[in-house]
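Trainee: Pasting coords-v9.cif here (mmCIF, C-alpha atoms):
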data_target
#
loop_
_atom_site.group_PDB
_atom_site.id
_atom_site.type_symbol
_atom_site.label_atom_id
_atom_site.label_comp_id
_atom_site.auth_asym_id
_atom_site.auth_seq_id
_atom_site.Cartn_x
_atom_site.Cartn_y
_atom_site.Cartn_z
ATOM 1 C CA MET G 257 31.312 22.233 72.255
ATOM 2 C CA LYS G 258 34.798 23.504 71.319
ATOM 3 C CA MET G 259 35.219 27.101 70.173
ATOM 4 C CA SER G 260 36.238 26.090 66.620
ATOM 5 C CA GLU G 261 33.162 23.853 66.295
ATOM 6 C CA ARG G 262 30.967 26.657 67.612
ATOM 7 C CA LYS G 263 32.473 29.110 65.102
ATOM 8 C CA LYS G 264 31.872 26.674 62.235
ATOM 9 C CA LYS G 265 28.283 26.100 63.332
ATOM 10 C CA LEU G 266 27.723 29.850 63.697
ATOM 11 C CA SER G 267 29.142 30.459 60.218
ATOM 12 C CA VAL G 268 26.961 27.792 58.614
ATOM 13 C CA MET G 269 23.830 29.060 60.360
ATOM 14 C CA LEU G 270 24.637 32.675 59.500
ATOM 15 C CA VAL G 271 25.085 31.831 55.827
ATOM 16 C CA SER G 272 21.806 29.870 55.889
ATOM 17 C CA ILE G 273 19.928 32.799 57.366
ATOM 18 C CA ILE G 274 21.392 35.182 54.819
ATOM 19 C CA VAL G 275 20.507 32.910 51.925
ATOM 20 C CA VAL G 276 16.935 32.680 53.187
ATOM 21 C CA MET G 277 16.749 36.443 53.722
ATOM 22 C CA LEU G 278 18.097 37.141 50.258
ATOM 23 C CA ALA G 279 15.648 34.641 48.828
ATOM 24 C CA GLY G 280 12.975 36.523 50.739
ATOM 25 C CA SER G 281 13.896 39.785 49.072
ATOM 26 C CA VAL G 282 13.753 38.072 45.678
ATOM 27 C CA CYS G 283 10.334 36.633 46.544
ATOM 28 C CA LEU G 284 9.102 40.035 47.611
ATOM 29 C CA ALA G 285 10.351 41.504 44.370
ATOM 30 C CA ALA G 286 8.361 38.866 42.517
ATOM 31 C CA ASP G 287 5.175 39.836 44.433
ATOM 32 C CA ARG G 288 4.543 36.373 45.861
ATOM 33 C CA PRO G 289 1.246 35.734 47.632
ATOM 34 C CA ALA G 290 1.013 36.741 51.288
ATOM 35 C CA ASP G 291 0.780 33.157 52.569
ATOM 36 C CA ASN G 292 4.102 32.263 50.894
ATOM 37 C CA MET G 293 5.685 35.335 52.466
ATOM 38 C CA ASP G 294 4.368 34.310 55.870
ATOM 39 C CA ILE G 295 5.935 30.873 55.436
ATOM 40 C CA LEU G 296 9.225 32.453 54.368
ATOM 41 C CA ARG G 297 9.153 34.874 57.305
ATOM 42 C CA GLN G 298 8.534 32.015 59.739
ATOM 43 C CA SER G 299 11.445 30.076 58.246
ATOM 44 C CA ILE G 300 13.765 33.073 58.557
ATOM 45 C CA GLN G 301 12.672 33.662 62.126
ATOM 46 C CA ALA G 302 13.163 30.005 63.074
ATOM 47 C CA ASP G 303 16.667 29.862 61.571
ATOM 48 C CA LYS G 304 17.680 33.109 63.206
ATOM 49 C CA LYS G 305 16.187 32.079 66.528
ATOM 50 C CA LEU G 306 18.128 28.814 66.386
ATOM 51 C CA LEU G 307 21.330 30.741 65.691
ATOM 52 C CA VAL G 308 20.670 33.007 68.666
ATOM 53 C CA ALA G 309 19.724 30.097 70.939
ATOM 54 C CA GLU G 310 22.882 28.179 69.993
ATOM 55 C CA ASN G 311 25.091 31.126 70.841
ATOM 56 C CA MET G 312 23.482 32.823 73.842
ATOM 57 C CA GLN G 313 24.012 30.095 76.459
ATOM 58 C CA LEU G 314 20.873 31.129 78.319
ATOM 59 C CA THR G 315 19.836 29.571 81.594
ATOM 60 C CA GLU G 316 16.254 28.328 81.821
ATOM 61 C CA GLY G 317 15.215 31.446 83.726
ATOM 62 C CA GLU G 318 16.996 33.786 81.327
ATOM 63 C CA ALA G 319 15.429 32.039 78.336
ATOM 64 C CA LYS G 320 11.934 32.374 79.796
ATOM 65 C CA ALA G 321 12.421 36.141 80.172
ATOM 66 C CA PHE G 322 14.481 36.688 76.985
ATOM 67 C CA TRP G 323 12.391 35.058 74.258
ATOM 68 C CA PRO G 324 9.281 37.263 74.564
ATOM 69 C CA VAL G 325 11.461 40.408 74.345
ATOM 70 C CA TYR G 326 13.345 38.847 71.436
ATOM 71 C CA GLU G 327 10.103 38.091 69.556
ATOM 72 C CA SER G 328 8.831 41.634 69.986
ATOM 73 C CA TYR G 329 12.173 43.033 68.845
ATOM 74 C CA GLN G 330 12.246 40.776 65.793
ATOM 75 C CA ASN G 331 8.738 41.891 64.798
ATOM 76 C CA GLU G 332 9.894 45.509 64.780
ATOM 77 C CA LEU G 333 13.054 44.635 62.848
ATOM 78 C CA PHE G 334 10.948 42.756 60.299
ATOM 79 C CA LEU G 335 8.932 45.920 59.641
ATOM 80 C CA LEU G 336 12.180 47.761 58.908
ATOM 81 C CA GLN G 337 13.374 44.917 56.667
ATOM 82 C CA SER G 338 10.122 45.121 54.727
ATOM 83 C CA ARG G 339 10.598 48.840 54.317
ATOM 84 C CA SER G 340 14.200 48.269 53.144
ATOM 85 C CA ILE G 341 13.046 45.742 50.565
ATOM 86 C CA LYS G 342 10.489 48.244 49.272
ATOM 87 C CA LEU G 343 13.291 50.814 49.008
ATOM 88 C CA ILE G 344 15.380 48.373 46.955
ATOM 89 C CA LYS G 345 12.410 47.719 44.669
ATOM 90 C CA ASP G 346 11.873 51.479 44.274
ATOM 91 C CA PHE G 347 15.565 51.922 43.435
ATOM 92 C CA ALA G 348 15.384 49.145 40.844
ATOM 93 C CA GLY G 349 12.274 50.702 39.321
ATOM 94 C CA ALA G 350 13.909 54.114 39.004
ATOM 95 C CA TYR G 351 17.397 52.898 38.116
ATOM 96 C CA ASP G 352 17.388 53.518 34.341
ATOM 97 C CA LYS G 353 15.546 56.833 34.535
ATOM 98 C CA MET G 354 16.779 58.138 37.913
ATOM 99 C CA THR G 355 16.296 61.857 38.426
ATOM 100 C CA ASP G 356 17.844 64.002 41.138
ATOM 101 C CA LYS G 357 14.396 64.119 42.760
ATOM 102 C CA ASP G 358 14.234 60.275 42.755
ATOM 103 C CA ALA G 359 17.759 60.036 44.172
ATOM 104 C CA LYS G 360 16.909 62.486 46.958
ATOM 105 C CA LYS G 361 13.734 60.607 47.852
ATOM 106 C CA LEU G 362 15.524 57.236 47.927
ATOM 107 C CA LEU G 363 18.448 58.538 49.981
ATOM 108 C CA ASP G 364 16.122 60.267 52.458
ATOM 109 C CA GLU G 365 14.153 57.022 52.892
ATOM 110 C CA TYR G 366 17.361 55.031 53.390
ATOM 111 C CA LEU G 367 18.541 57.408 56.117
ATOM 112 C CA THR G 368 15.104 57.347 57.744
ATOM 113 C CA ILE G 369 15.180 53.530 57.863
ATOM 114 C CA GLU G 370 18.700 53.530 59.328
ATOM 115 C CA GLY G 371 17.651 56.105 61.930
ATOM 116 C CA LEU G 372 14.622 54.014 62.875
ATOM 117 C CA ARG G 373 16.808 50.894 63.109
ATOM 118 C CA LEU G 374 19.043 52.691 65.616
ATOM 119 C CA LYS G 375 16.011 53.923 67.584
ATOM 120 C CA VAL G 376 14.586 50.402 67.801
ATOM 121 C CA ARG G 377 17.941 49.032 68.972
ATOM 122 C CA GLN G 378 18.174 51.771 71.595
ATOM 123 C CA ALA G 379 14.562 51.282 72.717
ATOM 124 C CA TYR G 380 15.078 47.557 73.255
ATOM 125 C CA LEU G 381 18.395 47.835 75.067
ATOM 126 C CA PRO G 382 16.783 48.538 78.491
ATOM 127 C CA LYS G 383 14.309 45.707 77.875
ATOM 128 C CA PHE G 384 17.109 43.227 77.210
ATOM 129 C CA ARG G 385 19.088 44.591 80.160
ATOM 130 C CA LYS G 386 16.096 43.961 82.375
ATOM 131 C CA VAL G 387 16.052 40.222 81.535
ATOM 132 C CA LEU G 388 19.728 39.370 80.967
ATOM 133 C CA PRO G 389 23.118 40.075 82.518
ATOM 134 C CA GLU G 390 25.046 42.818 80.714
ATOM 135 C CA LYS G 391 27.564 40.461 79.068
ATOM 136 C CA LYS G 392 24.767 38.403 77.529
ATOM 137 C CA VAL G 393 23.043 41.567 76.296
ATOM 138 C CA ALA G 394 26.314 42.610 74.662
ATOM 139 C CA ARG G 395 26.667 39.123 73.149
ATOM 140 C CA TYR G 396 23.137 39.256 71.752
ATOM 141 C CA TYR G 397 23.719 42.675 70.180
ATOM 142 C CA GLN G 398 26.944 41.312 68.661
ATOM 143 C CA ILE G 399 25.022 38.430 67.078
ATOM 144 C CA GLU G 400 22.409 40.827 65.683
ATOM 145 C CA ASN G 401 25.142 43.146 64.388
ATOM 146 C CA LYS G 402 26.945 40.297 62.629
ATOM 147 C CA ILE G 403 23.770 39.121 60.926
ATOM 148 C CA HIS G 404 22.925 42.673 59.858
ATOM 149 C CA ALA G 405 26.479 43.337 58.624
ATOM 150 C CA VAL G 406 26.629 40.192 56.507
ATOM 151 C CA LEU G 407 23.178 40.818 55.057
ATOM 152 C CA SER G 408 24.089 44.442 54.298
ATOM 153 C CA TYR G 409 27.270 43.309 52.589
ATOM 154 C CA GLU G 410 25.444 40.747 50.473
ATOM 155 C CA LEU G 411 22.845 43.321 49.431
ATOM 156 C CA ALA G 412 25.526 45.936 48.697
ATOM 157 C CA LYS G 413 27.279 43.497 46.349
ATOM 158 C CA GLU G 414 24.078 43.095 44.345
ATOM 159 C CA ILE G 415 22.886 46.703 44.195
ATOM 160 C CA PRO G 416 24.592 48.816 41.507
ATOM 161 C CA LEU G 417 25.672 52.398 42.088
ATOM 162 C CA VAL G 418 23.364 55.151 40.874
ATOM 163 C CA LYS G 419 24.068 56.042 37.254
ATOM 164 C CA VAL G 420 25.514 59.526 36.877
ATOM 165 C CA THR G 421 25.263 61.140 33.457
ATOM 166 C CA LYS G 422 27.733 63.737 32.236
#
Using structure tokens, write down the structure from this file.

Mentor:
Amino acid sequence: MKMSERKKKLSVMLVSIIVVMLAGSVCLAADRPADNMDILRQSIQADKKLLVAENMQLTEGEAKAFWPVYESYQNELFLLQSRSIKLIKDFAGAYDKMTDKDAKKLLDEYLTIEGLRLKVRQAYLPKFRKVLPEKKVARYYQIENKIHAVLSYELAKEIPLVKVTK
């Protein structure tokens, strides 16, 4: 596959994943039943896994070792995503009547989540290094970073700044 075709395919898949993830946050906000959330989570995971598979160029042996580590890593990231979605819901609930105490609590939780995200990434780095050559580990972290950056951007566009009264 040519580089331009690969870039187009990556872009389309990335947008698809983001749309599904954003739809997931909307569904969570609407308090959908657990079975619907499980279906949504599986769909997100399948789309993301396909994106990773398309772009990692794993050998059969690498794939056999990589995918179990990947699945474990994704499960931990999903817990952080769930916590982030709860934070967004809490922000929305407090938005019109935000106090300094609310703002402090929300900001502290945000920084805790970001700190945990970094810790998870650091904890999994040796695990990925154990099963893949260093360049493929770097490539995988790039893919994860791009997905996270685009999702963060899309969420940032939708979340208003905290109201400050004079």

Trainee: In terms of the shortest atom-to-atom distance over all atoms listed in the file, which of G:Phe322, G:Val418, G:Arg395, G:Gln301 is closest to G:Asp358?

Mentor: G:Val418

Trainee: Give me, please, the distance in Å between atom CA of G:Val420 and atom CA of G:Leu367, quoted to one decimal.

Mentor: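 Value for the atom CA of G:Val420-atom CA of G:Leu367 distance: 20.6 Å.
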
Trainee: Given the file shown, enumerate the residues that the PyMOL selection byres ((chain G and resi 421) around 12) captures and present them as a ChimeraX atom specification.

Mentor: /G:352-356,418-420,422

Trainee: Output C-alpha atoms for every residue in the selection just made, as an mmCIF file, in the coordinates of the input.

Mentor:
data_model
loop_
_atom_site.group_PDB
_atom_site.id
_atom_site.type_symbol
_atom_site.label_atom_id
_atom_site.label_comp_id
_atom_site.auth_asym_id
_atom_site.auth_seq_id
_atom_site.Cartn_x
_atom_site.Cartn_y
_atom_site.Cartn_z
ATOM 1 C CA ASP G 352 17.388 53.518 34.341
ATOM 2 C CA LYS G 353 15.546 56.833 34.535
ATOM 3 C CA MET G 354 16.779 58.138 37.913
ATOM 4 C CA THR G 355 16.296 61.857 38.426
ATOM 5 C CA ASP G 356 17.844 64.002 41.138
ATOM 6 C CA VAL G 418 23.364 55.151 40.874
ATOM 7 C CA LYS G 419 24.068 56.042 37.254
ATOM 8 C CA VAL G 420 25.514 59.526 36.877
ATOM 9 C CA LYS G 422 27.733 63.737 32.236
#

Trainee: Closest to G:Ile403 among G:Val308, G:Ser299, G:Glu318, G:Gln378, using only C-alpha atoms?

Mentor: G:Val308

Trainee: Using all atoms listed in the file, which of G:Ala412, G:Ala350, G:Asn331, G:Arg339 sits nearest G:Glu370?

Mentor: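 Between G:Ala412, G:Ala350, G:Asn331, G:Arg339, the residue approaching G:Glu370 most closely is G:Arg339.
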
Trainee: Could you tell me which residues the PyMOL selection byres ((chain G and resi 387) around 9) grabs in this file, written as a PyMOL selection string?

Mentor: chain G and resi 318-319+321-322+325+382-386+388-389+393

Trainee: Which residue is closest to G:Tyr326? Choose from G:Ile341, G:Leu374, G:Ala348, G:Ala309 and count only C-alpha atoms.

Mentor: G:Ala309

Trainee: Could you check how far atom CA of G:Ile399 sits from atom CA of G:Ser328, in Å to one decimal?

Mentor: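 Value for the atom CA of G:Ile399-atom CA of G:Ser328 distance: 16.8 Å.
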
Trainee: Between atom CA of G:Leu362 and atom CA of G:Asp346, what is the distance, to one decimal in Å?

Mentor: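 The value is 7.7 Å.
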
Trainee: My list of candidates is G:Tyr397, G:Trp323, G:Tyr409, G:Tyr351. Which is closest to G:Arg377 when distances are computed with only C-alpha atoms?

Mentor: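 Among G:Tyr397, G:Trp323, G:Tyr409, G:Tyr351, it is G:Tyr397 that comes nearest to G:Arg377.
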
Trainee: Which one of G:Gln337, G:Ser408, G:Asn311, G:Asn292 sits closest to G:Leu372 if you count all atoms listed in the file?

Mentor: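 Closest residue, counting all atoms listed in the file: G:Gln337.
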
Trainee: Build an axis-aligned box that encloses every atom of stretch 317-329 of chain G listed in the file, pad it by 8 Å on each side, and report its centre and edge lengths in Å to one decimal, as lines of an AutoDock Vina configuration file.

Mentor:
center_x = 12.9
center_y = 37.2
center_z = 76.3
size_x = 24.2
size_y = 27.6
size_z = 30.9
